[in-house]
Amino acid sequence: MAVLNPPRSLPGLGRAIITFLISARRPWTEEELVEAFRPPGLNEDISSAEGVVHTLYAFRAIGMLSLDKGGVITLSGAADREGGTLTPAQFRRALQIHVLDLGRDGDPWQTSLGDGHTSGARDLLRALSWFLAQDALGRPLSWTENVQVLQQAQFLTADNDTWAITNDTRWGALARWAQALGLATPSLLKSAPGLLPLPVVAIDDVLDELPGGQMPVGDFLTRLAGKLPVLHGGSIRTSLVGSLPGKDPDPGIAADCADSSVGQALRVLEDRGRLVFDTLPDADGIRLSRGDATRHTHITLVRGGKR
């Protein structure tokens with residue numbers, strides 16, 4: 001199983017199905033769910049059920065749904081809960097945990113082409129780690145504008161089978177999943193449409209899982225990368241860089257700063273009052289962006305800041 005292929009999986013529809021099953025009073029088969037959730041008025045269209053079928057497939061791949069021998073779809077993992085439904089934030093965090101399950105998938109950059117290359121969420125993890133290694137201060141990313149060119153330059157080959165995102169269909173699926181996971185932000189400029197590798201929402205989701213109080217900024221970034229290993233410093237990003245013929249593609253890293261995606265996201269969270277940065281004497285620090293003159297040495301998480 002994979003997440004980006006089949007291409008019409010819809011994370012929002014997955015949440016609707018899981019919410020439905022949490023409160024369902026009887027077992028539901030895959031066939032029944034497809035019939036219930038396919039778009040109304042399109043039942044005669046041969047492709048009308050693809051979005052539901054692909055979504056069920058993807059959520060089985062990441063372990064939030066299971067299919068028994070009788071064809072019944074059951075809740076599993078973080079989705080298998082009694083009582084109330086998952087809030088949007090709870091669902092997104094559960095989605096992050098299931099997608100980033102390295103115990104299930106291992107290192108997605110160390111698999112050979114074949115069925116295992118895309119099992120679990122490996123295809124999505126490779127795509128996310130590459131996407132988040134791009135310049136958050138640059139132009140928004142889109143398939144026709146720059147994604148193909150950047151991949152060819154960074155992987156040093158026109159063979160798209162070796163790229164993180166092999167075609168425009170999978171780019172479309174990545175765009176949906178990256179936003180659902182809180183790891184991407186859509187561009188607000190009509191003149192430059194696309195996605196920005198700006199993981200503000202995902203980082204905010206995990207902040208309250210980190211220790212409170214002041215800590216060295218290096219310790220904070222290490223803990224953050226442990227929660228979201230597709231970010232710089234995380235094991236998946238590190239493996240991506242080891243798989244590229246060149247160096248880490250992010251300009252912030254090249255300029256001895258924080259990774260641009262992380263640095264810009266932390267700036268936004270600072271503006272929201274979620275984080276406070278300090279510069280203490282005789283301590284190691286880091287610039288959040290290549291335009292900064294100040295190195296911050298410590299960071300404090302503020303509980304209950306604006307989200």
# chains A, B, ... in the order shown; residues from 1 in each chain; ligands from 1
>>> closest_atom_pairs(of="range 174-221 of chain A", to="range 261-280 of chain A", cutoff="8 Å", atoms="only C-alpha atoms", output="Markdown table")
| residue | atom | partner | partner_atom | distance |
| --- | --- | --- | --- | --- |
| A:Pro197 | CA | A:Ser261 | CA | 5.7 |
| A:Leu198 | CA | A:Ser261 | CA | 5.1 |
| A:Pro199 | CA | A:Ala265 | CA | 6.0 |
| A:Val200 | CA | A:Ala265 | CA | 4.7 |
| A:Ile203 | CA | A:Ala265 | CA | 7.7 |
| A:Asp204 | CA | A:Leu269 | CA | 7.5 |
>>> write_last_selection(atoms="N, CA, C and O atoms", output="PDB file, in the first residue's frame")
ATOM      1  N   PRO A 197       6.920  25.664   1.888  1.00  0.00           N
ATOM      2  CA  PRO A 197       7.315  24.691   2.917  1.00  0.00           C
ATOM      3  C   PRO A 197       7.403  25.366   4.282  1.00  0.00           C
ATOM      4  O   PRO A 197       8.473  25.582   4.838  1.00  0.00           O
ATOM      5  N   LEU A 198       6.239  25.712   4.805  1.00  0.00           N
ATOM      6  CA  LEU A 198       6.143  26.489   6.049  1.00  0.00           C
ATOM      7  C   LEU A 198       5.308  25.681   7.049  1.00  0.00           C
ATOM      8  O   LEU A 198       4.076  25.765   7.046  1.00  0.00           O
ATOM      9  N   PRO A 199       5.940  24.899   7.930  1.00  0.00           N
ATOM     10  CA  PRO A 199       5.221  23.955   8.798  1.00  0.00           C
ATOM     11  C   PRO A 199       4.751  24.554  10.120  1.00  0.00           C
ATOM     12  O   PRO A 199       4.911  23.952  11.191  1.00  0.00           O
ATOM     13  N   VAL A 200       4.156  25.742  10.064  1.00  0.00           N
ATOM     14  CA  VAL A 200       3.740  26.428  11.291  1.00  0.00           C
ATOM     15  C   VAL A 200       2.757  25.584  12.091  1.00  0.00           C
ATOM     16  O   VAL A 200       2.901  25.403  13.309  1.00  0.00           O
ATOM     17  N   ILE A 203       4.298  22.334  13.688  1.00  0.00           N
ATOM     18  CA  ILE A 203       5.175  22.648  14.823  1.00  0.00           C
ATOM     19  C   ILE A 203       4.348  23.084  16.021  1.00  0.00           C
ATOM     20  O   ILE A 203       4.597  22.660  17.162  1.00  0.00           O
ATOM     21  N   ASP A 204       3.335  23.906  15.788  1.00  0.00           N
ATOM     22  CA  ASP A 204       2.457  24.324  16.887  1.00  0.00           C
ATOM     23  C   ASP A 204       1.772  23.124  17.526  1.00  0.00           C
ATOM     24  O   ASP A 204       1.576  23.068  18.744  1.00  0.00           O
TER      25      ASP A 204
END
>>> residues_around(residues="range 242-251 of chain A", least_positions_apart="2", cutoff="9 Å", atoms="only C-alpha atoms", output="PyMOL selection string")
chain A and resi 109-110+130+132-136+154-156+237-240+253-257+259-261+290
>>> select_by_dssp(residues="range 144-222 of chain A", states="alpha helix (DSSP H)", output="ChimeraX atom specification")
/A:148-155,168-180,200-207,217-222
>>> atom_distance(atom1="CA of Glu31 in chain A", atom2="CA of Leu10 in chain A")
17.6 Å
>>> closest_residue(among="A:Gly194, A:Val53, A:Leu181, A:Ile286", to="Leu221 in chain A", atoms="only C-alpha atoms")
A:Ile286
>>> closest_residue(among="A:Asp159, A:Asp284, A:Glu35, A:Asp168", to="Val217 in chain A", atoms="only C-alpha atoms")
A:Asp284
>>> closest_residue(among="A:Gln148, A:Gln90, A:Gln214, A:Thr111", to="Trp171 in chain A", atoms="only C-alpha atoms")
A:Gln148
>>> atom_distance(atom1="CA of Ala283 in chain A", atom2="CA of Val241 in chain A")
28.0 Å
>>> residues_around(residues="range 74-87 of chain A", least_positions_apart="6", cutoff="10 Å", atoms="only C-alpha atoms", output="PyMOL selection string")
chain A and resi 15+17-23+27-30+59-60+62-68+93-95+97-98
>>> select_by_dssp(residues="range 23-175 of chain A", states="strand (DSSP E or B)", output="list in words")
Trp28, Thr29, Leu65, Ser66, Leu67, Val72, Ile73, Thr74, Leu75 and Leu141 of chain A
>>> write_last_selection(atoms="all heavy atoms", output="PDB file, in the first residue's frame")
ATOM      1  N   TRP A  28     -19.409  -1.623   9.292  1.00  0.00           N
ATOM      2  CA  TRP A  28     -19.604  -1.168   7.918  1.00  0.00           C
ATOM      3  C   TRP A  28     -18.548  -1.815   7.027  1.00  0.00           C
ATOM      4  O   TRP A  28     -17.365  -1.789   7.341  1.00  0.00           O
ATOM      5  CB  TRP A  28     -19.492   0.354   7.827  1.00  0.00           C
ATOM      6  CG  TRP A  28     -20.732   1.047   8.306  1.00  0.00           C
ATOM      7  CD1 TRP A  28     -21.172   1.165   9.585  1.00  0.00           C
ATOM      8  CD2 TRP A  28     -21.703   1.709   7.485  1.00  0.00           C
ATOM      9  NE1 TRP A  28     -22.353   1.864   9.635  1.00  0.00           N
ATOM     10  CE2 TRP A  28     -22.710   2.223   8.360  1.00  0.00           C
ATOM     11  CE3 TRP A  28     -21.818   1.946   6.117  1.00  0.00           C
ATOM     12  CZ2 TRP A  28     -23.808   2.929   7.886  1.00  0.00           C
ATOM     13  CZ3 TRP A  28     -22.919   2.663   5.643  1.00  0.00           C
ATOM     14  CH2 TRP A  28     -23.905   3.139   6.523  1.00  0.00           C
ATOM     15  N   THR A  29     -19.002  -2.356   5.901  1.00  0.00           N
ATOM     16  CA  THR A  29     -18.063  -2.934   4.950  1.00  0.00           C
ATOM     17  C   THR A  29     -17.491  -1.837   4.065  1.00  0.00           C
ATOM     18  O   THR A  29     -18.033  -0.729   3.982  1.00  0.00           O
ATOM     19  CB  THR A  29     -18.741  -3.983   4.054  1.00  0.00           C
ATOM     20  OG1 THR A  29     -19.717  -3.319   3.219  1.00  0.00           O
ATOM     21  CG2 THR A  29     -19.413  -5.067   4.894  1.00  0.00           C
ATOM     22  N   LEU A  65      -7.034   2.756   9.601  1.00  0.00           N
ATOM     23  CA  LEU A  65      -8.157   1.893   9.288  1.00  0.00           C
ATOM     24  C   LEU A  65      -7.623   0.497   8.969  1.00  0.00           C
ATOM     25  O   LEU A  65      -6.478   0.345   8.514  1.00  0.00           O
ATOM     26  CB  LEU A  65      -8.943   2.416   8.082  1.00  0.00           C
ATOM     27  CG  LEU A  65      -9.692   3.747   8.243  1.00  0.00           C
ATOM     28  CD1 LEU A  65     -10.308   4.168   6.916  1.00  0.00           C
ATOM     29  CD2 LEU A  65     -10.773   3.657   9.319  1.00  0.00           C
ATOM     30  N   SER A  66      -8.456  -0.501   9.198  1.00  0.00           N
ATOM     31  CA  SER A  66      -8.092  -1.879   8.866  1.00  0.00           C
ATOM     32  C   SER A  66      -9.249  -2.527   8.121  1.00  0.00           C
ATOM     33  O   SER A  66     -10.407  -2.124   8.260  1.00  0.00           O
ATOM     34  CB  SER A  66      -7.786  -2.691  10.134  1.00  0.00           C
ATOM     35  OG  SER A  66      -6.680  -2.149  10.824  1.00  0.00           O
ATOM     36  N   LEU A  67      -8.929  -3.552   7.336  1.00  0.00           N
ATOM     37  CA  LEU A  67      -9.926  -4.300   6.578  1.00  0.00           C
ATOM     38  C   LEU A  67      -9.855  -5.753   7.012  1.00  0.00           C
ATOM     39  O   LEU A  67      -8.802  -6.395   6.888  1.00  0.00           O
ATOM     40  CB  LEU A  67      -9.654  -4.181   5.081  1.00  0.00           C
ATOM     41  CG  LEU A  67     -10.596  -4.939   4.137  1.00  0.00           C
ATOM     42  CD1 LEU A  67     -11.999  -4.348   4.199  1.00  0.00           C
ATOM     43  CD2 LEU A  67     -10.052  -4.906   2.709  1.00  0.00           C
ATOM     44  N   VAL A  72     -15.090  -5.870   6.311  1.00  0.00           N
ATOM     45  CA  VAL A  72     -15.498  -4.803   7.232  1.00  0.00           C
ATOM     46  C   VAL A  72     -14.314  -3.884   7.507  1.00  0.00           C
ATOM     47  O   VAL A  72     -13.202  -4.347   7.786  1.00  0.00           O
ATOM     48  CB  VAL A  72     -16.032  -5.399   8.555  1.00  0.00           C
ATOM     49  CG1 VAL A  72     -16.277  -4.300   9.586  1.00  0.00           C
ATOM     50  CG2 VAL A  72     -17.311  -6.186   8.292  1.00  0.00           C
ATOM     51  N   ILE A  73     -14.564  -2.587   7.426  1.00  0.00           N
ATOM     52  CA  ILE A  73     -13.561  -1.578   7.747  1.00  0.00           C
ATOM     53  C   ILE A  73     -13.651  -1.267   9.241  1.00  0.00           C
ATOM     54  O   ILE A  73     -14.725  -0.929   9.754  1.00  0.00           O
ATOM     55  CB  ILE A  73     -13.771  -0.289   6.935  1.00  0.00           C
ATOM     56  CG1 ILE A  73     -13.553  -0.537   5.439  1.00  0.00           C
ATOM     57  CG2 ILE A  73     -12.850   0.823   7.434  1.00  0.00           C
ATOM     58  CD1 ILE A  73     -12.110  -0.773   5.045  1.00  0.00           C
ATOM     59  N   THR A  74     -12.548  -1.388   9.948  1.00  0.00           N
ATOM     60  CA  THR A  74     -12.521  -1.103  11.380  1.00  0.00           C
ATOM     61  C   THR A  74     -11.500  -0.019  11.676  1.00  0.00           C
ATOM     62  O   THR A  74     -10.540   0.186  10.919  1.00  0.00           O
ATOM     63  CB  THR A  74     -12.176  -2.358  12.191  1.00  0.00           C
ATOM     64  OG1 THR A  74     -10.902  -2.861  11.764  1.00  0.00           O
ATOM     65  CG2 THR A  74     -13.229  -3.430  11.997  1.00  0.00           C
ATOM     66  N   LEU A  75     -11.706   0.671  12.782  1.00  0.00           N
ATOM     67  CA  LEU A  75     -10.778   1.695  13.230  1.00  0.00           C
ATOM     68  C   LEU A  75      -9.565   1.038  13.869  1.00  0.00           C
ATOM     69  O   LEU A  75      -9.671   0.017  14.544  1.00  0.00           O
ATOM     70  CB  LEU A  75     -11.453   2.612  14.243  1.00  0.00           C
ATOM     71  CG  LEU A  75     -12.684   3.374  13.742  1.00  0.00           C
ATOM     72  CD1 LEU A  75     -13.431   3.994  14.905  1.00  0.00           C
ATOM     73  CD2 LEU A  75     -12.277   4.446  12.734  1.00  0.00           C
ATOM     74  N   LEU A 141       6.197  26.693  -4.373  1.00  0.00           N
ATOM     75  CA  LEU A 141       6.500  25.509  -5.169  1.00  0.00           C
ATOM     76  C   LEU A 141       5.268  25.035  -5.928  1.00  0.00           C
ATOM     77  O   LEU A 141       4.183  24.909  -5.359  1.00  0.00           O
ATOM     78  CB  LEU A 141       7.009  24.395  -4.266  1.00  0.00           C
ATOM     79  CG  LEU A 141       8.343  24.673  -3.563  1.00  0.00           C
ATOM     80  CD1 LEU A 141       8.607  23.647  -2.478  1.00  0.00           C
ATOM     81  CD2 LEU A 141       9.482  24.690  -4.570  1.00  0.00           C
TER      82      LEU A 141
END
>>> closest_residue(among="A:Ala36, A:Val147, A:Leu100, A:Val52", to="Leu13 in chain A", atoms="only C-alpha atoms")
A:Val52
>>> residues_around(residues="Arg295 in chain A", least_positions_apart="2", cutoff="8 Å", atoms="only C-alpha atoms", output="MDAnalysis selection string")
chainID A and resid 279 285:288 292:293 297
